[in-house]
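final.txt follows (compact mmCIF, C-alpha atoms):
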```txt
# COMPACT_ATOMS: atom_id res chain seq x y z
CA SER A 1358 -21.75 34.64 47.44
CA ALA A 1359 -20.16 31.32 48.35
CA VAL A 1360 -17.69 29.47 46.14
CA ILE A 1361 -18.45 25.76 46.19
CA SER A 1362 -16.01 23.33 44.61
CA GLN A 1363 -17.16 19.85 43.74
CA LYS A 1364 -15.25 16.88 42.40
CA PRO A 1365 -15.19 14.83 40.34
CA SER A 1366 -16.99 16.87 37.70
CA ARG A 1367 -18.00 13.71 35.89
CA ASP A 1368 -17.46 9.98 36.06
CA ILE A 1369 -18.51 6.82 34.30
CA CYS A 1370 -18.92 3.89 36.67
CA GLN A 1371 -19.76 0.22 36.50
CA ARG A 1372 -22.91 -1.24 38.00
CA GLY A 1373 -22.43 -2.37 41.60
CA THR A 1374 -19.58 -0.02 42.43
CA SER A 1375 -19.60 3.10 44.62
CA LEU A 1376 -18.55 6.69 43.97
CA THR A 1377 -17.72 9.36 46.54
CA ILE A 1378 -18.31 12.99 45.59
CA GLN A 1379 -16.48 15.71 47.47
CA CYS A 1380 -17.72 19.24 48.18
CA GLN A 1381 -15.65 22.11 49.55
CA VAL A 1382 -17.05 25.53 50.52
CA ASP A 1383 -14.83 28.61 50.77
CA SER A 1384 -16.38 29.67 54.08
CA GLN A 1385 -17.81 27.99 57.14
CA VAL A 1386 -21.47 27.07 56.72
CA THR A 1387 -23.90 25.42 59.12
CA MET A 1388 -25.84 23.32 56.67
CA MET A 1389 -24.84 21.74 53.38
CA PHE A 1390 -27.27 20.07 51.04
CA TRP A 1391 -27.05 17.36 48.42
CA TYR A 1392 -29.40 17.40 45.42
CA ARG A 1393 -29.99 15.06 42.51
CA GLN A 1394 -31.01 16.24 39.06
CA GLN A 1395 -32.09 13.44 36.78
CA PRO A 1396 -32.05 13.99 33.00
CA GLY A 1397 -34.63 16.59 32.01
CA GLN A 1398 -35.85 16.91 35.60
CA SER A 1399 -35.60 19.52 38.29
CA LEU A 1400 -33.61 19.34 41.50
CA THR A 1401 -34.59 16.88 44.21
CA LEU A 1402 -33.15 17.21 47.69
CA ILE A 1403 -31.42 14.03 48.84
CA ALA A 1404 -30.32 15.08 52.32
CA THR A 1405 -29.14 17.87 54.59
CA ALA A 1406 -25.65 17.46 56.04
CA ASN A 1407 -25.07 18.99 59.46
CA GLN A 1408 -21.66 19.13 61.07
CA GLY A 1409 -21.46 16.92 64.15
CA SER A 1410 -24.64 14.97 63.55
CA GLU A 1411 -26.10 12.45 61.15
CA ALA A 1412 -27.47 13.71 57.88
CA THR A 1413 -31.22 14.19 57.51
CA TYR A 1414 -32.59 12.29 54.51
CA GLU A 1415 -35.64 13.16 52.45
CA SER A 1416 -38.39 10.68 51.69
CA GLY A 1417 -37.19 8.10 49.19
CA PHE A 1418 -33.50 8.40 50.08
CA VAL A 1419 -31.73 6.20 52.63
CA ILE A 1420 -28.37 6.31 54.37
CA ASP A 1421 -27.28 2.88 53.14
CA LYS A 1422 -27.59 4.03 49.53
CA PHE A 1423 -26.35 7.62 49.98
CA PRO A 1424 -24.04 7.82 53.01
CA ILE A 1425 -22.94 11.37 53.79
CA SER A 1426 -20.04 12.68 55.82
CA ARG A 1427 -19.64 16.18 57.25
CA PRO A 1428 -16.35 16.27 59.17
CA ASN A 1429 -16.16 20.09 59.47
CA LEU A 1430 -17.94 23.31 58.57
CA THR A 1431 -16.47 23.60 55.05
CA PHE A 1432 -16.49 20.04 53.68
CA SER A 1433 -18.89 17.20 52.92
CA THR A 1434 -18.96 14.01 50.90
CA LEU A 1435 -21.80 12.05 49.33
CA THR A 1436 -21.31 8.42 48.38
CA VAL A 1437 -23.54 6.75 45.83
CA SER A 1438 -23.39 3.05 46.79
CA ASN A 1439 -24.01 -0.13 44.82
CA MET A 1440 -24.81 1.89 41.73
CA SER A 1441 -27.29 0.95 39.03
CA PRO A 1442 -28.06 2.72 35.74
CA GLU A 1443 -31.01 4.43 37.50
CA ASP A 1444 -28.45 6.39 39.56
CA SER A 1445 -27.21 8.16 36.43
CA SER A 1446 -27.80 11.81 37.29
CA ILE A 1447 -26.19 15.09 38.11
CA TYR A 1448 -25.40 15.32 41.82
CA LEU A 1449 -25.15 18.83 43.25
CA CYS A 1450 -23.76 20.15 46.51
CA SER A 1451 -25.14 23.39 47.93
CA ALA A 1452 -24.91 25.63 50.96
CA HIS A 1453 -26.50 28.77 52.39
CA ALA A 1454 -24.43 31.95 52.38
CA GLU A 1455 -24.89 35.73 52.69
CA GLY A 1456 -26.50 35.66 56.09
CA GLY A 1457 -27.82 32.16 55.62
CA GLU A 1458 -30.73 32.94 53.33
CA LYS A 1459 -29.36 32.44 49.83
CA LEU A 1460 -28.63 28.96 48.49
CA PHE A 1461 -25.56 28.51 46.31
CA PHE A 1462 -24.52 25.48 44.29
CA GLY A 1463 -21.40 23.72 43.19
CA SER A 1464 -20.88 22.91 39.53
CA GLY A 1465 -22.20 19.38 39.90
CA THR A 1466 -21.01 15.83 39.27
CA GLN A 1467 -22.30 14.17 36.11
CA LEU A 1468 -22.55 10.46 36.91
CA SER A 1469 -23.17 7.79 34.30
CA VAL A 1470 -23.60 4.18 35.41
CA LEU A 1471 -23.15 1.43 32.83
CA GLN B 182 -51.00 18.88 41.33
CA LYS B 183 -47.26 19.50 41.66
CA GLU B 184 -46.14 21.97 44.28
CA VAL B 185 -44.38 24.22 41.75
CA GLU B 186 -45.21 24.26 38.04
CA GLN B 187 -43.29 25.83 35.21
CA ASP B 188 -43.67 25.69 31.45
CA PRO B 189 -40.75 23.47 30.35
CA GLY B 190 -40.44 25.11 26.93
CA PRO B 191 -38.21 25.09 25.01
CA LEU B 192 -38.66 28.80 24.46
CA SER B 193 -36.87 30.32 21.48
CA VAL B 194 -36.65 34.10 20.98
CA PRO B 195 -34.65 36.47 18.78
CA GLU B 196 -31.83 38.50 20.29
CA GLY B 197 -33.11 41.73 21.85
CA ALA B 198 -36.56 40.35 22.70
CA ILE B 199 -38.22 40.65 26.10
CA VAL B 200 -38.56 37.23 27.70
CA SER B 201 -41.18 36.31 30.26
CA LEU B 202 -40.70 33.19 32.37
CA ASN B 203 -43.38 32.11 34.79
CA CYS B 204 -44.10 29.76 37.67
CA THR B 205 -47.23 28.91 39.60
CA TYR B 206 -47.33 27.27 42.99
CA SER B 207 -49.89 25.76 45.33
CA ASN B 208 -48.44 26.37 48.82
CA SER B 209 -49.64 29.75 50.12
CA ALA B 210 -47.03 29.60 52.91
CA PHE B 211 -44.15 30.21 50.50
CA GLN B 212 -42.56 33.58 51.27
CA TYR B 213 -39.10 33.45 49.69
CA PHE B 214 -38.81 33.26 45.92
CA MET B 215 -35.76 32.69 43.77
CA TRP B 216 -34.76 32.37 40.16
CA TYR B 217 -31.76 30.32 39.13
CA ARG B 218 -30.02 30.10 35.76
CA GLN B 219 -28.40 26.82 34.80
CA TYR B 220 -26.10 26.44 31.83
CA SER B 221 -25.56 23.00 30.35
CA ARG B 222 -23.31 20.82 32.54
CA LYS B 223 -23.11 23.52 35.24
CA GLY B 224 -24.68 24.01 38.66
CA PRO B 225 -27.58 26.46 39.12
CA GLU B 226 -26.57 30.10 39.58
CA LEU B 227 -28.71 32.38 41.77
CA LEU B 228 -30.10 35.26 39.70
CA MET B 229 -32.81 36.85 41.79
CA TYR B 230 -33.94 36.54 45.40
CA THR B 231 -37.12 38.15 46.67
CA TYR B 232 -39.21 38.09 49.79
CA SER B 233 -43.03 38.25 49.71
CA SER B 234 -44.92 40.11 46.98
CA GLY B 235 -43.62 42.87 44.75
CA ASN B 236 -41.01 43.58 42.11
CA LYS B 237 -37.24 43.50 42.17
CA GLU B 238 -34.98 44.71 39.39
CA ASP B 239 -31.32 43.89 38.74
CA GLY B 240 -29.92 45.11 35.44
CA ARG B 241 -31.83 43.45 32.60
CA PHE B 242 -33.68 41.14 35.00
CA THR B 243 -36.92 41.86 36.85
CA ALA B 244 -38.58 39.44 39.25
CA GLN B 245 -42.25 39.79 40.11
CA VAL B 246 -44.14 38.00 42.84
CA ASP B 247 -47.94 37.95 43.13
CA LYS B 248 -48.73 35.94 46.23
CA SER B 249 -52.49 36.48 45.88
CA SER B 250 -52.38 34.61 42.57
CA LYS B 251 -49.54 32.26 43.60
CA TYR B 252 -47.64 33.36 40.53
CA ILE B 253 -44.09 34.54 39.98
CA SER B 254 -42.36 35.85 36.88
CA LEU B 255 -38.90 36.64 35.63
CA PHE B 256 -38.53 39.19 32.84
CA ILE B 257 -35.36 39.49 30.78
CA ARG B 258 -35.00 42.68 28.74
CA ASP B 259 -32.79 42.99 25.67
CA SER B 260 -32.15 39.24 25.70
CA GLN B 261 -28.69 38.07 24.61
CA PRO B 262 -27.45 34.74 23.25
CA SER B 263 -25.57 34.35 26.53
CA ASP B 264 -28.96 34.19 28.28
CA SER B 265 -29.57 30.81 26.62
CA ALA B 266 -29.92 28.43 29.55
CA THR B 267 -32.48 26.67 31.71
CA TYR B 268 -34.23 28.92 34.22
CA LEU B 269 -35.46 27.37 37.46
CA CYS B 270 -37.86 29.02 39.86
CA ALA B 271 -37.52 28.07 43.51
CA MET B 272 -39.30 28.94 46.72
CA ARG B 273 -39.58 28.15 50.42
CA GLU B 274 -41.64 28.99 53.48
CA THR B 275 -39.03 30.36 55.87
CA SER B 276 -35.44 31.46 55.39
CA TYR B 277 -34.04 28.10 56.50
CA ASP B 278 -36.69 25.80 55.06
CA LYS B 279 -36.24 23.26 52.29
CA VAL B 280 -36.11 24.91 48.88
CA ILE B 281 -38.61 23.58 46.35
CA PHE B 282 -37.64 23.88 42.70
CA GLY B 283 -39.75 24.10 39.59
CA PRO B 284 -38.92 21.80 36.65
CA GLY B 285 -37.20 24.59 34.70
CA THR B 286 -37.77 26.39 31.38
CA SER B 287 -35.23 25.98 28.60
CA LEU B 288 -34.54 29.29 26.82
CA SER B 289 -32.69 29.82 23.54
CA VAL B 290 -31.87 33.35 22.36
CA ILE B 291 -31.14 33.31 18.64
CA PRO B 292 -28.62 35.87 17.30
```
Turn the structure described in the file into structure tokens.
Amino acid sequence: SAVISQKPSRDICQRGTSLTIQCQVDSQVTMMFWYRQQPGQSLTLIATANQGSEATYESGFVIDKFPISRPNLTFSTLTVSNMSPEDSSIYLCSAHAEGGEKLFFGSGTQLSVL
Amino acid sequence: QKEVEQDPGPLSVPEGAIVSLNCTYSNSAFQYFMWYRQYSRKGPELLMYTYSSGNKEDGRFTAQVDKSSKYISLFIRDSQPSDSATYLCAMRETSYDKVIFGPGTSLSVIP
């Protein structure tokens, strides 16, 4: 399995500010993924982060709101920009491991926006 | 119709019971099926990973896939209080495709 470290684990932010979430994987991986889990909901894929190219965003998510960096094969960041209370969610980083088929997750970032 | 459906529960069982968790799906192209366990304030943890139809057993956990019915199940034998969590089914078409998650079933195992 892959060990995925994510920080911060939780934060409380003011409306209009931005928060950057960091994700570190203990091995080199081709693709990393960012998910959102709203209260009582399942996981929704925000974007796929590829090293050396721009992230690929899912329908309903845009780069201006959720800019992503992927500077190397073990690290990625997701920024939640110009936050509103609707952005209050758990944000999860994930990556494939064990031959690329199995998807593993970090422990998540609990974000509350006031 | 949602792509993956799952009874949200909550499901409450006594310790030692056999638990059955189920998902149905609409996309017949799904070939890879997964079950994740998520404790409160934690990320999902991969429990079971199966390809195509059939059964897979790992300790107290058994995953079943019936592609003809578009139905997957997770059975937990001799359930323990530590099994109390939300269980998410997940699936995808190919090994590198986007993973689609069900909404999750909340399980409580009462001592």
Looking at only C-alpha atoms, which of A:Asp1383, A:Gly1397, A:Thr1377, A:Trp1391 is the one that sits closest to B:Pro284? A:Gly1397
If the cut-off is 8 Å, can you tell me the residues of chain A near chain B, counting only C-alpha atoms? I'd like them as a compact mmCIF listing (two decimals) with C-alpha atoms, in the coordinates of the input.
```
# COMPACT_ATOMS: atom_id res chain seq x y z
CA GLN A 1398 -35.85 16.91 35.60
CA SER A 1399 -35.60 19.52 38.29
CA LEU A 1400 -33.61 19.34 41.50
CA THR A 1401 -34.59 16.88 44.21
CA LEU A 1449 -25.15 18.83 43.25
CA GLY A 1457 -27.82 32.16 55.62
CA GLU A 1458 -30.73 32.94 53.33
CA LYS A 1459 -29.36 32.44 49.83
CA LEU A 1460 -28.63 28.96 48.49
CA PHE A 1461 -25.56 28.51 46.31
CA PHE A 1462 -24.52 25.48 44.29
CA GLY A 1463 -21.40 23.72 43.19
CA SER A 1464 -20.88 22.91 39.53
CA GLY A 1465 -22.20 19.38 39.90
CA GLN A 1467 -22.30 14.17 36.11
```
Nearest to B:Leu288: which of B:Ser249, B:Ser193, B:Ser201, B:Ser260 is it, counting all atoms listed in the file?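 Of all the options, B:Ser193 lies closest to B:Leu288.
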Do you know which residues are at most 12 Å from B:Gly240 counting only C-alpha atoms, after dropping those on the same chain fewer than 4 positions away, and could you put them as a PDB file with C-alpha atoms, in the coordinates of the input?
```
ATOM      1  CA  LEU B 228     -30.100  35.260  39.700  1.00  0.00           C
ATOM      2  CA  MET B 229     -32.810  36.850  41.790  1.00  0.00           C
ATOM      3  CA  ALA B 244     -38.580  39.440  39.250  1.00  0.00           C
ATOM      4  CA  PHE B 256     -38.530  39.190  32.840  1.00  0.00           C
ATOM      5  CA  ILE B 257     -35.360  39.490  30.780  1.00  0.00           C
ATOM      6  CA  ARG B 258     -35.000  42.680  28.740  1.00  0.00           C
ATOM      7  CA  ASP B 259     -32.790  42.990  25.670  1.00  0.00           C
ATOM      8  CA  SER B 260     -32.150  39.240  25.700  1.00  0.00           C
TER       9      SER B 260
END
```
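Look at A:Ala1454: the protein and nucleic acid residues within 10 Å of it, using only C-alpha atoms and passing over chain neighbours fewer than 2 places away, are Ser1358, Ala1359, Val1360, Val1382, Ser1384, Gln1385, Val1386, Thr1387, Met1388, Ser1451, Ala1452, Gly1456, Gly1457, Glu1458, Lys1459, Leu1460 and Phe1461 of chain A.
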Give me the residues near B:Pro262 as a list in words, where near means some atom within 6 Å (using only C-alpha atoms) and where sequence neighbours in that chain fewer than 2 positions away do not count.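 My list of contacting residues is Asp264, Ser265 and Val290 of chain B.
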